[in-house]
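The structure file upload-v6.pdb is reproduced below (PDB, C-alpha atoms (C1' of nucleotides)).
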ATOM      1  CA  MET A  24       0.150  12.087 -28.558
ATOM      2  CA  ASN A  25      -0.519   8.688 -26.990
ATOM      3  CA  ILE A  26       0.221   7.823 -23.396
ATOM      4  CA  GLY A  27       3.450   5.981 -24.217
ATOM      5  CA  ILE A  28       4.950   8.996 -25.937
ATOM      6  CA  LEU A  29       3.829  11.258 -23.134
ATOM      7  CA  ALA A  30       5.413   8.848 -20.678
ATOM      8  CA  ARG A  31       8.732   8.909 -22.532
ATOM      9  CA  ARG A  32       8.728  12.668 -22.924
ATOM     10  CA  SER A  33       7.677  13.466 -19.361
ATOM     11  CA  GLY A  34       9.604  10.787 -17.514
ATOM     12  CA  VAL A  35       6.430   9.617 -15.794
ATOM     13  CA  PRO A  36       5.504   5.960 -16.500
ATOM     14  CA  ALA A  37       2.244   5.390 -18.386
ATOM     15  CA  LYS A  38       0.915   3.437 -15.454
ATOM     16  CA  THR A  39       1.526   6.372 -13.172
ATOM     17  CA  ILE A  40      -0.107   8.799 -15.580
ATOM     18  CA  ARG A  41      -3.275   6.702 -15.514
ATOM     19  CA  TYR A  42      -3.022   6.612 -11.757
ATOM     20  CA  TYR A  43      -2.706  10.399 -11.593
ATOM     21  CA  GLU A  44      -5.816  10.662 -13.726
ATOM     22  CA  SER A  45      -7.658   8.243 -11.453
ATOM     23  CA  ILE A  46      -6.929  10.315  -8.352
ATOM     24  CA  GLY A  47      -7.760  13.567 -10.138
ATOM     25  CA  LEU A  48      -4.260  15.059 -10.094
ATOM     26  CA  ILE A  49      -4.535  15.528 -13.850
ATOM     27  CA  PRO A  50      -7.813  15.942 -15.764
ATOM     28  CA  LYS A  51      -9.393  13.050 -17.669
ATOM     29  CA  ALA A  52      -7.767  12.783 -21.053
ATOM     30  CA  ARG A  53      -9.672  13.141 -24.312
ATOM     31  CA  ARG A  54     -10.074   9.813 -26.090
ATOM     32  CA  SER A  55      -9.385   8.769 -29.685
ATOM     33  CA  ASP A  56     -11.751   6.644 -31.799
ATOM     34  CA  GLY A  57     -10.105   3.525 -30.487
ATOM     35  CA  ASN A  58     -10.517   4.736 -26.897
ATOM     36  CA  TYR A  59      -6.853   5.690 -26.540
ATOM     37  CA  ARG A  60      -5.974   8.636 -24.312
ATOM     38  CA  VAL A  61      -4.827  11.627 -26.348
ATOM     39  CA  TYR A  62      -2.516  14.321 -24.984
ATOM     40  CA  ASP A  63      -1.057  17.628 -26.124
ATOM     41  CA  GLU A  64       1.863  19.837 -25.189
ATOM     42  CA  ARG A  65       0.019  21.374 -22.286
ATOM     43  CA  ASP A  66      -0.432  17.963 -20.722
ATOM     44  CA  LEU A  67       3.260  17.364 -21.216
ATOM     45  CA  ALA A  68       4.174  20.602 -19.456
ATOM     46  CA  ASN A  69       1.866  19.681 -16.599
ATOM     47  CA  LEU A  70       3.361  16.260 -16.203
ATOM     48  CA  ARG A  71       6.904  17.569 -16.297
ATOM     49  CA  PHE A  72       5.975  19.989 -13.537
ATOM     50  CA  ILE A  73       4.509  17.145 -11.515
ATOM     51  CA  HIS A  74       7.513  14.951 -12.142
ATOM     52  CA  ARG A  75       9.941  17.600 -10.898
ATOM     53  CA  ALA A  76       7.872  18.360  -7.836
ATOM     54  CA  ARG A  77       7.695  14.671  -6.977
ATOM     55  CA  ARG A  78      11.432  14.286  -7.421
ATOM     56  CA  LEU A  79      11.835  17.057  -4.865
ATOM     57  CA  GLY A  80       9.847  14.845  -2.537
ATOM     58  CA  PHE A  81       6.652  16.896  -2.367
ATOM     59  CA  PRO A  82       3.727  14.613  -1.469
ATOM     60  CA  VAL A  83       1.081  14.327  -4.155
ATOM     61  CA  ALA A  84      -1.304  16.494  -2.125
ATOM     62  CA  ASP A  85       1.287  19.277  -2.143
ATOM     63  CA  VAL A  86       1.906  18.803  -5.845
ATOM     64  CA  GLU A  87      -1.790  19.403  -6.381
ATOM     65  CA  LYS A  88      -1.570  22.679  -4.480
ATOM     66  CA  LEU A  89       1.581  23.699  -6.330
ATOM     67  CA  LEU A  90      -0.078  22.954  -9.660
ATOM     68  CA  ALA A  91      -3.072  25.071  -8.720
ATOM     69  CA  LEU A  92      -0.815  27.940  -7.677
ATOM     70  CA  TRP A  93       1.162  27.585 -10.883
ATOM     71  CA  HIS A  94      -2.026  27.869 -12.925
ATOM     72  CA  ASP A  95      -3.217  30.848 -10.897
ATOM     73  CA  GLN A  96      -1.806  33.979 -12.484
ATOM     74  CA  ARG A  97      -2.598  35.992  -9.380
ATOM     75  CA  ARG A  98      -1.054  33.670  -6.781
ATOM     76  CA  PRO A  99       1.045  35.258  -4.075
ATOM     77  CA  SER A 100       4.521  33.724  -4.150
ATOM     78  CA  ALA A 101       4.371  33.617  -0.354
ATOM     79  CA  LYS A 102       2.071  30.605  -0.542
ATOM     80  CA  VAL A 103       4.501  28.669  -2.665
ATOM     81  CA  ARG A 104       7.353  29.583  -0.404
ATOM     82  CA  GLU A 105       5.368  28.451   2.611
ATOM     83  CA  LEU A 106       4.790  25.032   1.053
ATOM     84  CA  ALA A 107       8.473  24.708   0.198
ATOM     85  CA  LEU A 108       9.592  25.710   3.688
ATOM     86  CA  ALA A 109       7.191  23.309   5.374
ATOM     87  CA  HIS A 110       8.490  20.536   3.166
ATOM     88  CA  MET A 111      12.040  21.480   4.102
ATOM     89  CA  GLU A 112      11.219  21.177   7.768
ATOM     90  CA  ASP A 113       9.912  17.721   7.069
ATOM     91  CA  ILE A 114      13.126  16.849   5.330
ATOM     92  CA  ASP A 115      15.165  18.250   8.197
ATOM     93  CA  ARG A 116      13.334  16.054  10.644
ATOM     94  CA  LYS A 117      13.998  13.008   8.504
ATOM     95  CA  LEU A 118      17.638  13.965   8.098
ATOM     96  CA  GLU A 119      18.142  14.257  11.820
ATOM     97  CA  GLU A 120      16.550  10.923  12.491
ATOM     98  CA  LEU A 121      18.564   9.186   9.795
ATOM     99  CA  GLN A 122      21.767  10.770  11.022
ATOM    100  CA  SER A 123      21.109   9.664  14.552
ATOM    101  CA  ILE A 124      20.410   6.129  13.391
ATOM    102  CA  ARG A 125      23.513   6.179  11.240
ATOM    103  CA  ARG A 126      25.673   7.205  14.175
ATOM    104  CA  THR A 127      24.338   4.389  16.335
ATOM    105  CA  LEU A 128      24.805   1.819  13.613
ATOM    106  CA  ALA A 129      28.312   2.986  12.808
ATOM    107  CA  HIS A 130      29.263   2.773  16.462
ATOM    108  CA  LEU A 131      27.851  -0.716  16.860
ATOM    109  CA  ALA A 132      29.371  -2.010  13.645
ATOM    110  CA  HIS A 133      32.685  -0.557  14.724
ATOM    111  CA  CYS A 134      32.511  -2.396  18.052
ATOM    112  CA  CYS A 135      31.582  -5.692  16.424
ATOM    113  CA  ARG A 136      34.534  -7.793  15.340
ATOM    114  CA  GLY A 137      32.501  -9.502  12.635
ATOM    115  CA  ASP A 138      34.204 -12.867  12.650
ATOM    116  CA  GLU A 139      33.194 -16.483  13.250
ATOM    117  CA  ARG A 140      32.649 -16.002  16.946
ATOM    118  CA  PRO A 141      29.090 -15.543  18.226
ATOM    119  CA  ASP A 142      29.521 -12.630  20.618
ATOM    120  CA  CYS A 143      28.178  -9.510  19.008
ATOM    121  CA  PRO A 144      27.635  -6.046  20.508
ATOM    122  CA  ILE A 145      25.006  -5.275  17.885
ATOM    123  CA  LEU A 146      22.751  -8.080  19.075
ATOM    124  CA  ASP A 147      23.563  -7.257  22.694
ATOM    125  CA  ASP A 148      22.413  -3.723  22.144
ATOM    126  CA  LEU A 149      19.217  -4.792  20.432
ATOM    127  CA  ALA A 150      18.571  -7.263  23.218
ATOM    128  CA  HIS A 151      19.166  -5.008  26.186
ATOM    129  CA  GLY A 152      19.097  -1.495  24.851
ATOM    130  CA  ASN A 153      21.921  -0.459  27.111
ATOM    131  CA  SER A 154      23.642   2.062  24.959
ATOM    132  CA  SER A 155      23.063   4.151  21.967
ATOM    133  CA  SER A 156      20.091   2.680  20.183
ATOM    134  CA  ASP A 157      17.795   4.823  22.291
ATOM    135  CA  THR A 158      17.759   7.488  19.672
ATOM    136  CA  LYS A 159      14.639   9.113  20.984
TER     137      LYS A 159
ATOM    138  CA  MET B  22       0.329 -11.421  30.559
ATOM    139  CA  ASN B  23      -2.337 -10.134  28.186
ATOM    140  CA  ILE B  24      -1.597  -8.333  24.961
ATOM    141  CA  GLY B  25      -2.299  -4.877  26.424
ATOM    142  CA  ILE B  26       0.287  -5.307  29.162
ATOM    143  CA  LEU B  27       2.793  -6.678  26.697
ATOM    144  CA  ALA B  28       2.139  -3.687  24.459
ATOM    145  CA  ARG B  29       2.756  -1.265  27.308
ATOM    146  CA  ARG B  30       5.891  -3.031  28.489
ATOM    147  CA  SER B  31       7.406  -3.509  25.041
ATOM    148  CA  GLY B  32       6.420  -0.248  23.422
ATOM    149  CA  VAL B  33       4.829  -2.091  20.517
ATOM    150  CA  PRO B  34       1.085  -1.406  20.061
ATOM    151  CA  ALA B  35      -1.250  -4.370  20.542
ATOM    152  CA  LYS B  36      -2.429  -3.991  16.996
ATOM    153  CA  THR B  37       1.118  -4.305  15.737
ATOM    154  CA  ILE B  38       1.807  -7.338  17.923
ATOM    155  CA  ARG B  39      -1.155  -9.109  16.319
ATOM    156  CA  TYR B  40       0.144  -8.027  12.937
ATOM    157  CA  TYR B  41       3.596  -9.438  13.722
ATOM    158  CA  GLU B  42       1.957 -12.707  14.675
ATOM    159  CA  SER B  43      -0.035 -12.734  11.453
ATOM    160  CA  ILE B  44       3.076 -12.371   9.302
ATOM    161  CA  GLY B  45       4.989 -14.923  11.350
ATOM    162  CA  LEU B  46       7.571 -12.569  12.831
ATOM    163  CA  ILE B  47       6.601 -13.844  16.269
ATOM    164  CA  PRO B  48       5.100 -17.281  17.003
ATOM    165  CA  LYS B  49       1.376 -17.735  17.565
ATOM    166  CA  ALA B  50       0.590 -16.959  21.157
ATOM    167  CA  ARG B  51      -0.875 -19.475  23.575
ATOM    168  CA  ARG B  52      -4.527 -18.715  24.343
ATOM    169  CA  SER B  53      -6.398 -18.468  27.623
ATOM    170  CA  ASP B  54      -9.797 -20.040  28.285
ATOM    171  CA  GLY B  55     -11.488 -16.938  26.965
ATOM    172  CA  ASN B  56      -9.352 -17.018  23.816
ATOM    173  CA  TYR B  57      -7.084 -14.187  24.958
ATOM    174  CA  ARG B  58      -3.461 -14.243  23.851
ATOM    175  CA  VAL B  59      -1.137 -15.045  26.774
ATOM    176  CA  TYR B  60       2.506 -13.948  26.886
ATOM    177  CA  ASP B  61       5.516 -14.446  29.132
ATOM    178  CA  GLU B  62       8.828 -12.698  29.772
ATOM    179  CA  ARG B  63      10.469 -14.358  26.804
ATOM    180  CA  ASP B  64       7.878 -12.869  24.477
ATOM    181  CA  LEU B  65       8.543  -9.507  26.059
ATOM    182  CA  ALA B  66      12.287  -9.813  25.455
ATOM    183  CA  ASN B  67      11.609 -10.781  21.847
ATOM    184  CA  LEU B  68       9.337  -7.839  21.257
ATOM    185  CA  ARG B  69      11.734  -5.403  22.844
ATOM    186  CA  PHE B  70      14.429  -6.695  20.525
ATOM    187  CA  ILE B  71      12.117  -6.233  17.553
ATOM    188  CA  HIS B  72      11.116  -2.786  18.700
ATOM    189  CA  ARG B  73      14.728  -1.606  18.946
ATOM    190  CA  ALA B  74      15.669  -3.072  15.589
ATOM    191  CA  ARG B  75      12.702  -1.390  13.955
ATOM    192  CA  ARG B  76      13.600   1.923  15.546
ATOM    193  CA  LEU B  77      17.010   1.566  13.956
ATOM    194  CA  GLY B  78      15.173   1.364  10.662
ATOM    195  CA  PHE B  79      15.793  -2.292   9.863
ATOM    196  CA  PRO B  80      13.053  -3.585   7.568
ATOM    197  CA  VAL B  81      10.930  -6.348   9.065
ATOM    198  CA  ALA B  82      12.618  -8.942   6.845
ATOM    199  CA  ASP B  83      15.976  -7.968   8.345
ATOM    200  CA  VAL B  84      14.529  -8.014  11.833
ATOM    201  CA  GLU B  85      13.499 -11.593  11.195
ATOM    202  CA  LYS B  86      17.063 -12.484  10.236
ATOM    203  CA  LEU B  87      18.475 -10.620  13.230
ATOM    204  CA  LEU B  88      16.092 -12.439  15.551
ATOM    205  CA  ALA B  89      17.151 -15.788  14.119
ATOM    206  CA  LEU B  90      20.819 -14.899  14.562
ATOM    207  CA  TRP B  91      20.144 -13.731  18.090
ATOM    208  CA  HIS B  92      18.520 -17.057  18.946
ATOM    209  CA  ASP B  93      21.332 -19.009  17.330
ATOM    210  CA  GLN B  94      24.037 -19.524  19.955
ATOM    211  CA  ARG B  95      26.536 -20.474  17.277
ATOM    212  CA  ARG B  96      26.001 -17.538  14.904
ATOM    213  CA  PRO B  97      29.057 -15.820  13.484
ATOM    214  CA  SER B  98      28.964 -12.151  14.412
ATOM    215  CA  ALA B  99      30.123 -11.413  10.847
ATOM    216  CA  LYS B 100      26.605 -12.102   9.592
ATOM    217  CA  VAL B 101      25.097  -9.571  11.949
ATOM    218  CA  ARG B 102      27.730  -7.024  11.040
ATOM    219  CA  GLU B 103      27.040  -7.588   7.357
ATOM    220  CA  LEU B 104      23.339  -6.858   7.854
ATOM    221  CA  ALA B 105      24.125  -3.721   9.808
ATOM    222  CA  LEU B 106      26.580  -2.447   7.215
ATOM    223  CA  ALA B 107      24.201  -3.074   4.333
ATOM    224  CA  HIS B 108      21.531  -1.161   6.204
ATOM    225  CA  MET B 109      23.962   1.671   6.759
ATOM    226  CA  GLU B 110      24.643   1.882   3.051
ATOM    227  CA  ASP B 111      20.937   2.168   2.490
ATOM    228  CA  ILE B 112      20.751   4.959   5.000
ATOM    229  CA  ASP B 113      23.685   6.711   3.378
ATOM    230  CA  ARG B 114      21.934   6.669   0.016
ATOM    231  CA  LYS B 115      18.807   8.139   1.560
ATOM    232  CA  LEU B 116      20.829  10.776   3.373
ATOM    233  CA  GLU B 117      22.529  11.875   0.194
ATOM    234  CA  GLU B 118      19.276  12.146  -1.682
ATOM    235  CA  LEU B 119      17.592  14.079   1.099
ATOM    236  CA  GLN B 120      20.554  16.410   1.412
ATOM    237  CA  SER B 121      20.561  17.097  -2.291
ATOM    238  CA  ILE B 122      16.841  17.837  -2.227
ATOM    239  CA  ARG B 123      17.297  20.027   0.792
ATOM    240  CA  ARG B 124      19.989  22.078  -0.927
ATOM    241  CA  THR B 125      17.777  22.645  -3.964
ATOM    242  CA  LEU B 126      14.797  23.616  -1.853
ATOM    243  CA  ALA B 127      16.843  25.952   0.303
ATOM    244  CA  HIS B 128      18.249  27.662  -2.743
ATOM    245  CA  LEU B 129      14.840  28.101  -4.339
ATOM    246  CA  ALA B 130      13.187  29.321  -1.160
ATOM    247  CA  HIS B 131      16.036  31.764  -0.717
ATOM    248  CA  CYS B 132      15.502  33.140  -4.222
ATOM    249  CA  CYS B 133      11.746  33.517  -3.740
ATOM    250  CA  ARG B 134      10.659  36.753  -2.175
ATOM    251  CA  GLY B 135       7.513  35.199  -0.779
ATOM    252  CA  ASP B 136       5.240  38.190  -0.931
ATOM    253  CA  GLU B 137       1.934  39.072  -2.594
ATOM    254  CA  ARG B 138       3.386  39.182  -6.085
ATOM    255  CA  PRO B 139       2.930  36.178  -8.347
ATOM    256  CA  ASP B 140       6.436  35.764  -9.748
ATOM    257  CA  CYS B 141       8.098  32.828  -8.074
ATOM    258  CA  PRO B 142      11.384  31.113  -8.881
ATOM    259  CA  ILE B 143      10.206  27.924  -7.215
ATOM    260  CA  LEU B 144       7.353  27.510  -9.678
ATOM    261  CA  ASP B 145       9.594  28.611 -12.527
ATOM    262  CA  ASP B 146      12.046  25.912 -11.652
ATOM    263  CA  LEU B 147       9.361  23.254 -11.405
ATOM    264  CA  ALA B 148       7.925  24.399 -14.714
ATOM    265  CA  HIS B 149      11.132  24.550 -16.729
ATOM    266  CA  GLY B 150      13.683  22.620 -14.748
ATOM    267  CA  ASN B 151      16.421  25.073 -15.668
ATOM    268  CA  SER B 152      18.489  24.946 -12.546
ATOM    269  CA  SER B 153      19.064  22.849  -9.579
ATOM    270  CA  SER B 154      16.099  20.557  -9.266
ATOM    271  CA  ASP B 155      17.848  18.059 -11.520
ATOM    272  CA  THR B 156      19.262  16.299  -8.573
ATOM    273  CA  LYS B 157      19.973  13.144 -10.537
TER     274      LYS B 157
ATOM    275  C1'  DA C  26      -6.440 -10.092 -46.485
ATOM    276  C1'  DC C  27      -3.993 -11.756 -42.682
ATOM    277  C1'  DT C  28      -0.838 -11.971 -39.180
ATOM    278  C1'  DT C  29       2.397 -10.261 -36.102
ATOM    279  C1'  DG C  30       3.799  -7.375 -32.520
ATOM    280  C1'  DA C  31       3.703  -3.073 -30.209
ATOM    281  C1'  DC C  32       0.728  -0.382 -27.919
ATOM    282  C1'  DC C  33      -3.403   0.581 -25.627
ATOM    283  C1'  DT C  34      -7.595  -0.506 -22.398
ATOM    284  C1'  DT C  35      -9.691  -1.928 -17.674
ATOM    285  C1'  DC C  36      -9.564  -4.154 -13.409
ATOM    286  C1'  DC C  37      -7.688  -6.318  -9.464
ATOM    287  C1'  DA C  38      -3.869  -7.306  -6.381
ATOM    288  C1'  DA C  39       0.459  -6.432  -4.142
ATOM    289  C1'  DC C  40       4.179  -3.756  -1.993
ATOM    290  C1'  DG C  41       5.697  -2.168   3.565
ATOM    291  C1'  DA C  42       4.321  -1.691   7.809
ATOM    292  C1'  DC C  43       1.080  -0.711   9.928
ATOM    293  C1'  DT C  44      -3.544   1.695  11.610
ATOM    294  C1'  DG C  45      -8.643   2.510  12.109
ATOM    295  C1'  DG C  46     -12.968   0.939  12.853
ATOM    296  C1'  DA C  47     -16.995  -2.196  13.316
ATOM    297  C1'  DA C  48     -19.208  -5.947  15.568
ATOM    298  C1'  DG C  49     -19.045  -8.884  19.091
ATOM    299  C1'  DC C  50     -16.988 -11.655  23.218
ATOM    300  C1'  DT C  51     -14.755 -11.797  28.137
ATOM    301  C1'  DC C  52     -13.566 -10.373  32.497
ATOM    302  C1'  DC C  53     -14.002  -8.067  36.737
ATOM    303  C1'  DA C  54     -15.988  -4.853  39.955
ATOM    304  C1'  DT C  55     -19.948  -2.873  41.734
TER     305       DT C  55
ATOM    306  C1'  DA D  11     -27.019  -7.806  36.378
ATOM    307  C1'  DT D  12     -24.783  -4.001  34.561
ATOM    308  C1'  DG D  13     -21.094  -1.256  33.029
ATOM    309  C1'  DG D  14     -16.866  -0.595  31.056
ATOM    310  C1'  DA D  15     -12.294  -1.884  29.911
ATOM    311  C1'  DG D  16     -10.027  -5.028  27.320
ATOM    312  C1'  DC D  17      -9.945  -8.624  24.162
ATOM    313  C1'  DT D  18     -11.359 -11.138  19.580
ATOM    314  C1'  DT D  19     -11.701 -11.268  14.234
ATOM    315  C1'  DC D  20     -12.138  -9.232   9.885
ATOM    316  C1'  DC D  21     -12.104  -5.730   6.462
ATOM    317  C1'  DA D  22     -10.554  -1.412   4.702
ATOM    318  C1'  DG D  23      -7.485   2.445   4.328
ATOM    319  C1'  DT D  24      -2.959   4.687   4.310
ATOM    320  C1'  DC D  25       0.866   6.413   0.324
ATOM    321  C1'  DG D  26       2.376   6.195  -4.282
ATOM    322  C1'  DT D  27       2.883   3.430  -7.198
ATOM    323  C1'  DT D  28       3.763  -1.164  -9.771
ATOM    324  C1'  DG D  29       2.693  -5.884 -11.704
ATOM    325  C1'  DG D  30      -0.037  -8.772 -14.166
ATOM    326  C1'  DA D  31      -4.046 -10.775 -16.619
ATOM    327  C1'  DA D  32      -7.343 -10.532 -20.252
ATOM    328  C1'  DG D  33      -8.523  -8.305 -24.037
ATOM    329  C1'  DG D  34      -9.049  -4.323 -27.803
ATOM    330  C1'  DT D  35      -6.449  -1.319 -31.524
ATOM    331  C1'  DC D  36      -3.181   0.044 -34.839
ATOM    332  C1'  DA D  37       0.339   0.017 -38.379
ATOM    333  C1'  DA D  38       3.635  -2.592 -40.912
ATOM    334  C1'  DG D  39       5.023  -6.510 -43.460
ATOM    335  C1'  DT D  40       3.964 -10.661 -46.240
TER     336       DT D  40
END

Translate this structure into structure tokens?
Amino acid sequence: MNIGILARRSGVPAKTIRYYESIGLIPKARRSDGNYRVYDERDLANLRFIHRARRLGFPVADVEKLLALWHDQRRPSAKVRELALAHMEDIDRKLEELQSIRRTLAHLAHCCRGDERPDCPILDDLAHGNSSSDTK
Amino acid sequence: MNIGILARRSGVPAKTIRYYESIGLIPKARRSDGNYRVYDERDLANLRFIHRARRLGFPVADVEKLLALWHDQRRPSAKVRELALAHMEDIDRKLEELQSIRRTLAHLAHCCRGDERPDCPILDDLAHGNSSSDTK
DNA sequence: ACTTGACCTTCCAACGACTGGAAGCTCCAT
DNA sequence: ATGGAGCTTCCAGTCGTTGGAAGGTCAAGT
């Protein structure tokens, strides 16, 4: 299987597969006579795993750990759970920040008439920081 | 006012102020005899504006537009409102994605016992994508 | 046999928004 | 004059790709 097929079947772009090889997330691929990378079903399974973990927002470093745990038949599931929970806390922090920002923005946009006139509470807030943009 | 003072008073690190100058977000500063950057209260007001806009998550390109509108006495507030609303839509998209990821993660972590045994629904899901990690 | 076009290779650069660090200059107080 | 804080420039690194150039390979069609 060439890299293009692997890309289509895994959902990971060829460019990204090469990148993953370059940073050591996946092993160096065997090469054909014409120096093309050659892959098999195991590589596909690996890449699908990686793709799903990335879509769940795990950083590449975590994906590496998850892969290692996946390949380790004797892993304790506690370690995986720990990684997932830590990542969730990260997400919760981001959610809270985004929600706070969203609230401020919604309030300001609501206060702003949004017409041809120049007076604008959004700019006033950015300029003087009186009200709600002090989100932390 | 030297760059260190400006940094302290604006909340923007000196390094970042130089970076903003280098990308043209703020004008090139006047220099002292010893080639130090010299700032005044207007620069401080500018930087505070930038700092608040950035904290609200506006990308630097938007901050540039907001700054220009702020300096334009004849701006229509509609333009500012438009920028703010577009940014809010962006935030809403991110919120939805994060929330979807969070739900999946919470479900998986809930299903995983997290003990010394190797069987782990989180890894199973990443490996075979049966359930809920197909968030889009 | 030759040509076309799709696919592959490597390498370098860019994205966004900084941040770190090295090497060296300036300013002020002691 | 010496020390140390603060400033200067420049280059590199962060994170995870992505874009593009220049060139090699492969299979199909004429």

All residues 12 Å or closer to segment 119-124 of chain B, all atoms listed in the file, same chain fewer than 4 positions away omitted, as a PDB file with C-alpha atoms, keeping the file's coordinate frame:
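As a result, result07.pdb now contains:
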ATOM      1  CA  ARG A  75       9.941  17.600 -10.898  1.00  0.00           C
ATOM      2  CA  ALA A  76       7.872  18.360  -7.836  1.00  0.00           C
ATOM      3  CA  ARG A  77       7.695  14.671  -6.977  1.00  0.00           C
ATOM      4  CA  ARG A  78      11.432  14.286  -7.421  1.00  0.00           C
ATOM      5  CA  LEU A  79      11.835  17.057  -4.865  1.00  0.00           C
ATOM      6  CA  GLY A  80       9.847  14.845  -2.537  1.00  0.00           C
ATOM      7  CA  PHE A  81       6.652  16.896  -2.367  1.00  0.00           C
ATOM      8  CA  ALA A 107       8.473  24.708   0.198  1.00  0.00           C
ATOM      9  CA  LEU A 108       9.592  25.710   3.688  1.00  0.00           C
ATOM     10  CA  ALA A 109       7.191  23.309   5.374  1.00  0.00           C
ATOM     11  CA  HIS A 110       8.490  20.536   3.166  1.00  0.00           C
ATOM     12  CA  MET A 111      12.040  21.480   4.102  1.00  0.00           C
ATOM     13  CA  GLU A 112      11.219  21.177   7.768  1.00  0.00           C
ATOM     14  CA  ASP A 113       9.912  17.721   7.069  1.00  0.00           C
ATOM     15  CA  ILE A 114      13.126  16.849   5.330  1.00  0.00           C
ATOM     16  CA  ASP A 115      15.165  18.250   8.197  1.00  0.00           C
ATOM     17  CA  ARG A 116      13.334  16.054  10.644  1.00  0.00           C
ATOM     18  CA  LYS A 117      13.998  13.008   8.504  1.00  0.00           C
ATOM     19  CA  LEU A 118      17.638  13.965   8.098  1.00  0.00           C
ATOM     20  CA  GLU A 119      18.142  14.257  11.820  1.00  0.00           C
ATOM     21  CA  GLU A 120      16.550  10.923  12.491  1.00  0.00           C
ATOM     22  CA  LEU A 121      18.564   9.186   9.795  1.00  0.00           C
ATOM     23  CA  GLN A 122      21.767  10.770  11.022  1.00  0.00           C
TER      24      GLN A 122
ATOM     25  CA  ILE B 112      20.751   4.959   5.000  1.00  0.00           C
ATOM     26  CA  ASP B 113      23.685   6.711   3.378  1.00  0.00           C
ATOM     27  CA  ARG B 114      21.934   6.669   0.016  1.00  0.00           C
ATOM     28  CA  LYS B 115      18.807   8.139   1.560  1.00  0.00           C
ATOM     29  CA  HIS B 128      18.249  27.662  -2.743  1.00  0.00           C
ATOM     30  CA  LEU B 129      14.840  28.101  -4.339  1.00  0.00           C
ATOM     31  CA  ALA B 130      13.187  29.321  -1.160  1.00  0.00           C
ATOM     32  CA  HIS B 131      16.036  31.764  -0.717  1.00  0.00           C
ATOM     33  CA  SER B 153      19.064  22.849  -9.579  1.00  0.00           C
ATOM     34  CA  SER B 154      16.099  20.557  -9.266  1.00  0.00           C
ATOM     35  CA  ASP B 155      17.848  18.059 -11.520  1.00  0.00           C
ATOM     36  CA  THR B 156      19.262  16.299  -8.573  1.00  0.00           C
ATOM     37  CA  LYS B 157      19.973  13.144 -10.537  1.00  0.00           C
TER      38      LYS B 157
END

Can you check which residues of chain A have any atom within 6 Å of chain B? Use only C-alpha atoms and format it as a list in words.
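Interface list for chain A against chain B: Phe72, Arg75, Leu79, Arg97, Arg98, Pro99, Ser100, Ala101, Arg104, Ile124, Ala132, Gly137, Asp138, Glu139, Arg140, Pro141, Cys143, Leu149 and Ala150 of chain A.
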
Using the chain letters and numbering of this document, enumerate as an mmCIF file with C-alpha atoms (C1' of nucleotides), keeping the file's coordinate frame the residues selected by the PyMOL selection byres ((chain C and resi 39) around 10).
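File written: result20.cif
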data_model
loop_
_atom_site.group_PDB
_atom_site.id
_atom_site.type_symbol
_atom_site.label_atom_id
_atom_site.label_comp_id
_atom_site.auth_asym_id
_atom_site.auth_seq_id
_atom_site.Cartn_x
_atom_site.Cartn_y
_atom_site.Cartn_z
ATOM 1 C "C1'" DC C 37 -7.688 -6.318 -9.464
ATOM 2 C "C1'" DA C 38 -3.869 -7.306 -6.381
ATOM 3 C "C1'" DC C 40 4.179 -3.756 -1.993
ATOM 4 C "C1'" DT D 28 3.763 -1.164 -9.771
ATOM 5 C "C1'" DG D 29 2.693 -5.884 -11.704
#

Any chance you could work out the residue set of the PyMOL selection byres ((chain D) within 9 of (chain A)) here, as a list of chain:residue names?
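Residues picked by the PyMOL selection byres ((chain D) within 9 of (chain A)): D:DC25, D:DG26, D:DT27, D:DT28, D:DG34, D:DT35, D:DC36.
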
Counting only C-alpha atoms (C1' of nucleotides), a student should be able to say which residues of chain C come within 9 Å of chain B; what is the right answer, written as a PyMOL selection string?
chain C and resi 41-44+50-52

Would you list the residues near (3.9, -6.1, -30.4), meaning any protein, DNA or RNA residue with an atom at most 12 Å from that point in file coordinates, counting all atoms listed in the file, as a list in words?
DT28, DT29, DG30, DA31, DC32 and DC33 of chain C; DT35, DC36, DA37 and DA38 of chain D

Run the PyMOL selection byres ((chain D and resi 19) around 10) against the file shown and list the residues it catches, as a JSON list (two decimals) with C-alpha atoms (C1' of nucleotides), in the coordinates of the input.
[["chain", "number", "residue", "atom", "x", "y", "z"],
["C", 48, "DA", "C1'", -19.21, -5.95, 15.57],
["C", 49, "DG", "C1'", -19.05, -8.88, 19.09],
["D", 18, "DT", "C1'", -11.36, -11.14, 19.58],
["D", 20, "DC", "C1'", -12.14, -9.23, 9.88],
["D", 21, "DC", "C1'", -12.10, -5.73, 6.46]]

Separation of atom CA of Ala91 of chain A from atom CA of Arg32 of chain A in Å
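Atom-to-atom, atom CA of Arg32 of chain A and atom CA of Ala91 of chain A are spaced 22.2 Å apart.
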
Distance of atom CA of Ile46 of chain A from atom C1' of DG23 of chain D, expressed in Å to one decimal place:
14.9 Å

Enter the distance from atom CA of Ser53 of chain B to atom CA of Met22 of chain B, in Å, rounded to one decimal.
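Between these atoms lies a distance of 10.2 Å.
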
Step by step, gather every atom of segment 40-52 of chain C that the file lists, find the box along x, y and z that holds them, add 5 Å on each side, and finally give centre and edge lengths in Å to one decimal, as JSON.
{"center_x": -6.8, "center_y": -4.6, "center_z": 15.3, "size_x": 34.9, "size_y": 24.3, "size_z": 44.5}

Residue nearest Asp66 of chain A among A:Val35, A:Arg54, A:Ser45, A:Leu29 (counting all atoms listed in the file):
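Result for the nearest residue to Asp66 of chain A: A:Leu29.
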